[in-house]
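Below is upload.cif, holding mmCIF, C-alpha atoms.
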data_model
#
loop_
_atom_site.label_atom_id
_atom_site.label_comp_id
_atom_site.auth_asym_id
_atom_site.auth_seq_id
_atom_site.Cartn_x
_atom_site.Cartn_y
_atom_site.Cartn_z
CA MET A 300 294.20 93.45 -262.38
CA ALA A 301 291.78 91.75 -264.76
CA ASN A 302 292.60 88.24 -263.48
CA ARG A 303 291.59 86.90 -260.09
CA SER A 304 294.49 85.51 -258.10
CA PRO A 305 294.12 81.82 -257.12
CA ALA A 306 294.84 82.92 -253.55
CA ALA A 307 291.55 84.82 -253.51
CA THR A 308 289.67 81.52 -253.78
CA TYR A 309 290.48 80.78 -250.13
CA LEU A 310 289.34 84.11 -248.71
CA PRO A 311 286.37 83.76 -246.31
CA PHE A 312 284.60 86.72 -247.99
CA PRO A 313 283.92 87.87 -251.56
CA LEU A 314 286.69 89.96 -253.10
CA ALA A 315 285.38 93.29 -254.46
CA PHE A 316 287.40 94.82 -257.25
CA GLN A 317 285.74 98.27 -257.27
CA PRO A 318 287.96 99.79 -254.52
CA PHE A 319 291.02 98.67 -256.47
CA ILE A 320 289.62 100.20 -259.65
CA SER A 321 288.99 103.50 -257.86
CA GLY A 322 292.50 103.47 -256.41
CA ALA A 323 294.03 102.68 -259.80
CA VAL A 324 292.29 105.68 -261.38
CA LEU A 325 293.51 108.00 -258.62
CA LEU A 326 297.09 106.75 -258.92
CA LEU A 327 297.04 107.02 -262.71
CA CYS A 328 295.89 110.64 -262.59
CA ALA A 329 298.46 111.46 -259.91
CA ARG A 330 301.24 110.00 -262.04
CA PHE A 331 300.07 111.96 -265.08
CA GLU A 332 300.01 115.12 -262.97
CA GLU A 333 303.59 114.42 -261.89
CA PHE A 334 304.60 113.90 -265.51
CA LEU A 335 303.15 117.29 -266.52
CA ARG A 336 305.13 119.11 -263.83
CA ASP A 337 308.31 117.24 -264.73
CA VAL A 338 308.13 117.73 -268.49
CA ILE A 339 307.39 121.47 -268.34
CA THR A 340 310.12 122.04 -265.75
CA TYR A 341 312.54 120.05 -267.91
CA ALA A 342 311.55 122.01 -271.02
CA LEU A 343 312.11 125.38 -269.34
CA ASP A 344 315.49 124.21 -268.03
CA GLN A 345 316.53 123.10 -271.52
CA ASN A 346 316.42 126.71 -272.70
CA GLY A 347 319.30 127.51 -270.39
CA LYS A 348 321.28 124.50 -271.65
CA ALA A 349 321.24 125.57 -275.30
CA THR A 350 324.50 126.83 -276.81
CA PRO A 351 324.71 129.72 -276.14
CA PRO A 352 322.04 129.70 -273.40
CA ILE A 353 318.62 131.27 -273.93
CA ASN A 354 317.66 133.61 -271.10
CA LEU A 355 314.35 135.17 -270.17
CA HIS A 356 314.89 138.36 -272.15
CA ASP A 357 315.55 136.36 -275.34
CA LEU A 358 312.00 135.05 -275.30
CA PRO A 359 309.07 136.80 -277.01
CA GLN A 360 307.73 139.55 -274.75
CA SER A 361 304.32 137.93 -274.45
CA LEU A 362 305.96 134.75 -273.13
CA GLN A 363 308.18 136.72 -270.74
CA VAL A 364 305.09 138.39 -269.30
CA HIS A 365 303.26 135.08 -269.01
CA ILE A 366 306.12 133.42 -267.10
CA VAL A 367 306.50 136.39 -264.74
CA GLN A 368 302.76 136.69 -264.18
CA GLN A 369 302.26 132.99 -263.42
CA ASN A 370 305.15 132.96 -260.96
CA MET A 371 304.07 136.20 -259.26
CA VAL A 372 300.49 135.07 -258.81
CA ALA A 373 301.69 131.80 -257.25
CA ALA A 374 304.28 133.53 -255.05
CA LEU A 375 301.66 135.89 -253.62
CA GLN A 376 299.01 133.24 -252.92
CA LYS A 377 297.50 133.58 -249.45
CA THR A 378 296.64 129.89 -249.46
CA ARG A 379 298.09 126.97 -251.38
CA TYR A 380 296.54 123.50 -251.44
CA GLY A 381 294.24 124.58 -248.63
CA THR A 382 297.07 125.74 -246.35
CA ASP A 383 297.50 129.35 -245.21
CA ARG A 384 300.77 130.96 -246.26
CA PRO A 385 302.26 133.52 -243.83
CA ASP A 386 303.43 136.89 -245.12
CA HIS A 387 307.14 136.11 -244.68
CA VAL A 388 306.84 133.06 -246.96
CA ARG A 389 305.01 135.04 -249.61
CA LEU A 390 307.60 137.82 -249.39
CA SER A 391 310.48 135.34 -249.63
CA GLU A 392 309.06 133.68 -252.74
CA SER A 393 308.36 137.07 -254.34
CA MET A 394 311.95 138.19 -253.72
CA THR A 395 313.28 134.94 -255.20
CA MET A 396 311.17 135.50 -258.30
CA ALA A 397 312.42 139.10 -258.57
CA ARG A 398 316.06 137.96 -258.38
CA HIS A 399 315.44 135.46 -261.18
CA TYR A 400 313.93 138.22 -263.29
CA VAL A 401 316.77 140.67 -262.70
CA ALA A 402 319.30 137.94 -263.57
CA GLY A 403 317.36 137.13 -266.73
CA ARG A 404 316.83 133.50 -265.75
CA ILE A 405 313.97 131.37 -267.04
CA TRP A 406 312.50 129.64 -264.01
CA SER A 407 309.56 127.48 -262.98
CA ASP A 408 309.65 127.71 -259.19
CA TYR A 409 306.00 128.66 -258.73
CA ALA A 410 304.42 128.75 -262.19
CA ILE A 411 303.83 125.02 -262.62
CA ASP A 412 300.63 124.54 -260.68
CA THR A 413 298.30 121.72 -261.69
CA GLY A 414 295.83 122.54 -258.95
CA GLY A 415 295.71 118.84 -258.14
CA ASN A 416 293.64 118.19 -261.27
CA PRO A 417 295.63 117.51 -264.45
CA GLY A 418 292.76 118.02 -266.89
CA VAL A 419 292.52 119.38 -270.42
CA GLU A 420 292.74 123.03 -269.36
CA THR A 421 295.76 122.34 -267.14
CA VAL A 422 297.62 120.62 -269.98
CA GLY A 423 296.95 123.57 -272.28
CA SER A 424 297.92 126.17 -269.67
CA LEU A 425 301.22 124.49 -268.80
CA MET A 426 302.21 124.02 -272.44
CA LYS A 427 301.50 127.68 -273.12
CA LEU A 428 303.94 128.49 -270.30
CA ILE A 429 306.76 127.40 -272.61
CA GLY A 430 305.22 129.14 -275.63
CA VAL A 431 303.29 126.33 -277.33
CA GLU A 432 300.35 127.89 -279.13
CA ALA A 433 297.19 125.84 -279.76
CA PRO A 434 298.61 122.92 -277.72
CA TRP A 435 295.66 120.58 -278.17
CA GLN A 436 295.71 121.10 -281.91
CA LYS A 437 299.35 119.99 -281.95
CA ILE A 438 298.64 117.05 -279.63
CA GLY A 439 295.78 116.12 -281.96
CA GLN A 440 298.15 115.98 -284.91
CA GLU A 441 300.40 113.56 -283.02
CA PHE A 442 297.33 111.51 -282.08
CA LYS A 443 296.16 111.20 -285.69
CA THR A 444 299.62 110.08 -286.81
CA HIS A 445 300.69 107.79 -283.99
CA TYR A 446 297.68 106.54 -282.01
CA ALA A 447 297.65 102.75 -281.68
CA ALA A 448 294.44 101.18 -280.41
CA PRO A 449 295.30 98.76 -277.59
CA ALA A 450 294.27 95.12 -277.97
CA ILE A 451 292.45 94.94 -274.64
CA LEU A 452 289.53 92.56 -274.19
CA GLY A 453 286.33 94.53 -273.75
CA THR A 454 287.58 97.71 -275.42
CA THR A 455 288.39 96.49 -278.94
CA ASN A 456 285.43 98.42 -280.37
CA ARG A 457 286.27 101.62 -278.50
CA VAL A 458 286.94 104.54 -280.85
CA VAL A 459 288.97 107.56 -279.74
CA VAL A 460 287.94 110.66 -281.67
CA LYS A 461 289.68 113.37 -279.66
CA PRO A 462 292.34 112.73 -277.01
CA GLN A 463 291.06 115.60 -274.87
CA ASP A 464 287.64 113.93 -274.65
CA GLU A 465 289.23 110.75 -273.28
CA LEU A 466 291.21 112.79 -270.75
CA ARG A 467 288.03 114.56 -269.64
CA GLN A 468 286.32 111.22 -269.12
CA LEU A 469 289.25 109.91 -267.09
CA LEU A 470 289.28 113.04 -264.91
CA LYS A 471 285.53 112.76 -264.45
CA SER A 472 286.05 109.29 -262.99
CA ARG A 473 288.90 110.56 -260.84
CA ASN A 474 286.80 113.41 -259.47
CA THR A 475 283.95 111.04 -258.67
CA VAL A 476 286.25 109.14 -256.34
CA ALA A 477 288.21 112.11 -254.97
CA HIS A 478 285.24 114.36 -254.19
CA SER A 479 282.52 111.93 -253.20
CA GLY A 480 284.27 108.67 -252.36
CA SER A 481 281.85 106.82 -254.61
CA HIS A 482 282.83 103.59 -256.28
CA LEU A 483 283.25 103.64 -260.05
CA THR A 484 281.15 101.61 -262.45
CA ILE A 485 283.96 101.20 -264.97
CA SER A 486 285.57 97.81 -265.57
CA THR A 487 289.12 96.55 -265.21
CA SER A 488 289.33 96.66 -269.01
CA ASP A 489 288.49 100.36 -268.90
CA VAL A 490 291.31 100.95 -266.44
CA ARG A 491 293.78 99.08 -268.62
CA PHE A 492 292.61 101.16 -271.58
CA TYR A 493 293.20 104.40 -269.64
CA VAL A 494 296.68 103.27 -268.59
CA ASP A 495 297.56 102.68 -272.24
CA PHE A 496 295.93 105.96 -273.32
CA VAL A 497 297.76 108.08 -270.72
CA ASP A 498 301.03 106.44 -271.72
CA GLN A 499 300.44 107.40 -275.36
CA LEU A 500 299.16 110.88 -274.46
CA SER A 501 302.29 111.54 -272.40
CA GLY A 502 304.41 110.59 -275.39
CA TRP A 503 302.54 112.99 -277.67
CA ILE A 504 302.90 115.83 -275.17
CA TYR A 505 306.61 115.11 -274.76
CA THR A 506 307.12 115.16 -278.54
CA VAL A 507 305.29 118.48 -278.97
CA VAL A 508 307.17 120.09 -276.07
CA GLN A 509 310.58 118.84 -277.23
CA ARG A 510 310.00 119.94 -280.82
CA HIS A 511 308.89 123.39 -279.71
CA ILE A 512 311.89 124.02 -277.43
CA GLN A 513 314.36 122.75 -280.01
CA ASP A 514 312.77 124.78 -282.82
CA LEU A 515 312.85 127.87 -280.60
CA ALA A 516 316.58 127.45 -280.01
CA LYS A 517 317.27 126.96 -283.72
CA SER A 518 315.21 130.05 -284.62
CA MET A 519 317.49 132.07 -282.32
CA GLY A 520 320.66 130.68 -283.85
CA ARG A 521 321.39 128.41 -280.88
CA ILE A 522 322.33 124.76 -280.73
CA PRO A 523 319.51 123.00 -278.86
CA ALA A 524 320.36 121.03 -275.74
CA ASN A 525 320.29 117.25 -275.95
CA TRP A 526 317.03 115.75 -274.69
CA ASN A 527 316.69 112.62 -272.63
CA PRO A 528 314.51 109.95 -274.26
CA MET A 529 311.14 109.60 -272.57
#

Translate the structure of the given file into structure tokens.
Amino acid sequence: MANRSPAATYLPFPLAFQPFISGAVLLLCARFEEFLRDVITYALDQNGKATPPINLHDLPQSLQVHIVQQNMVAALQKTRYGTDRPDHVRLSESMTMARHYVAGRIWSDYAIDTGGNPGVETVGSLMKLIGVEAPWQKIGQEFKTHYAAPAILGTTNRVVVKPQDELRQLLKSRNTVAHSGSHLTISTSDVRFYVDFVDQLSGWIYTVVQRHIQDLAKSMGRIPANWNPM
């Protein structure tokens, strides 16, 4: 992205990079949002793959209530992503949730809702869905131990103090494009920095989530399920 293709030299008009920068930010945030849904779903499913399996009623009561509440609220939504939901759909989802509960299953059908905006609060809320307390404190510990500053021209003097502050800044840029259609004033180097940062942030989140689920299984006398490498 930072280098101009030789083919652009022959274009009969100037090539503007800002639309590509805006698009790159939107796609990066969308991919991070997808990662959050995937990793929390995977983590919840891993409970049921422990030996012997962990079911809903094995979890701390506060976590049971949180999972049920999040799913029930989502199942009963009158609108979702701006679309009206008829009564029969809401009833069907509520009955599905009730069957999961009666069977003692841990599920994520409706609870994992990013709201289309995978910001700091969303990350914390989803990690708490699997029982991670003080999620950003734990992510911060991984950051302090493992953060590697990328060698990207134009950002070599950039200092990251808190990972949540960088995520807020990225989402601010994303919202500028998504809600107003305005072009961004950030550079291609900034975009490359954010790509590297989100890659590292995803790794820290994955580590915290995996450790929590495996420690939970061990604390209950179970053999944790094997995890796929990220």

Name the residues captured by the PyMOL selection byres ((chain A and resi 348-365) around 12) when it is applied to the shown file; answer as a ChimeraX atom specification.
/A:341-347,366-372,399-407,410-411,424-432,512-526

Output check: residues returned by the PyMOL selection byres ((chain A and resi 320-332) around 9), as a PyMOL selection string:
chain A and resi 300+316-319+333-337+413+415-418+469-470+472-474+476-477+480-483+485-487+490+493-494+497-498+501

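If only C-alpha atoms are the atoms counted, then among A:Met396, A:Leu452, A:Val422, A:Val508 the closest residue to Ser488 in chain A is A:Leu452.
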
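The environment of range 435-447 of chain A within 10 Å, counting all atoms listed in the file and disregarding residues fewer than 4 places along the same chain, consists of Val419, Glu420, Val422, Gly423, Met426, Val431, Val459, Val460, Lys461, Pro462, Gln463, Asp495, Phe496, Gln499, Leu500, Ser501, Gly502, Trp503, Ile504, Tyr505, Thr506, Val507 and Val508 of chain A.
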
Atom pair CA of Asp408 in chain A / CA of Met529 in chain A: separation (Å):
22.6 Å

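Here CA of Gly381 in chain A and CA of Ile339 in chain A stand 23.9 Å from one another.
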
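Between CA of Lys471 in chain A and CA of Tyr380 in chain A lies a distance of 20.1 Å.
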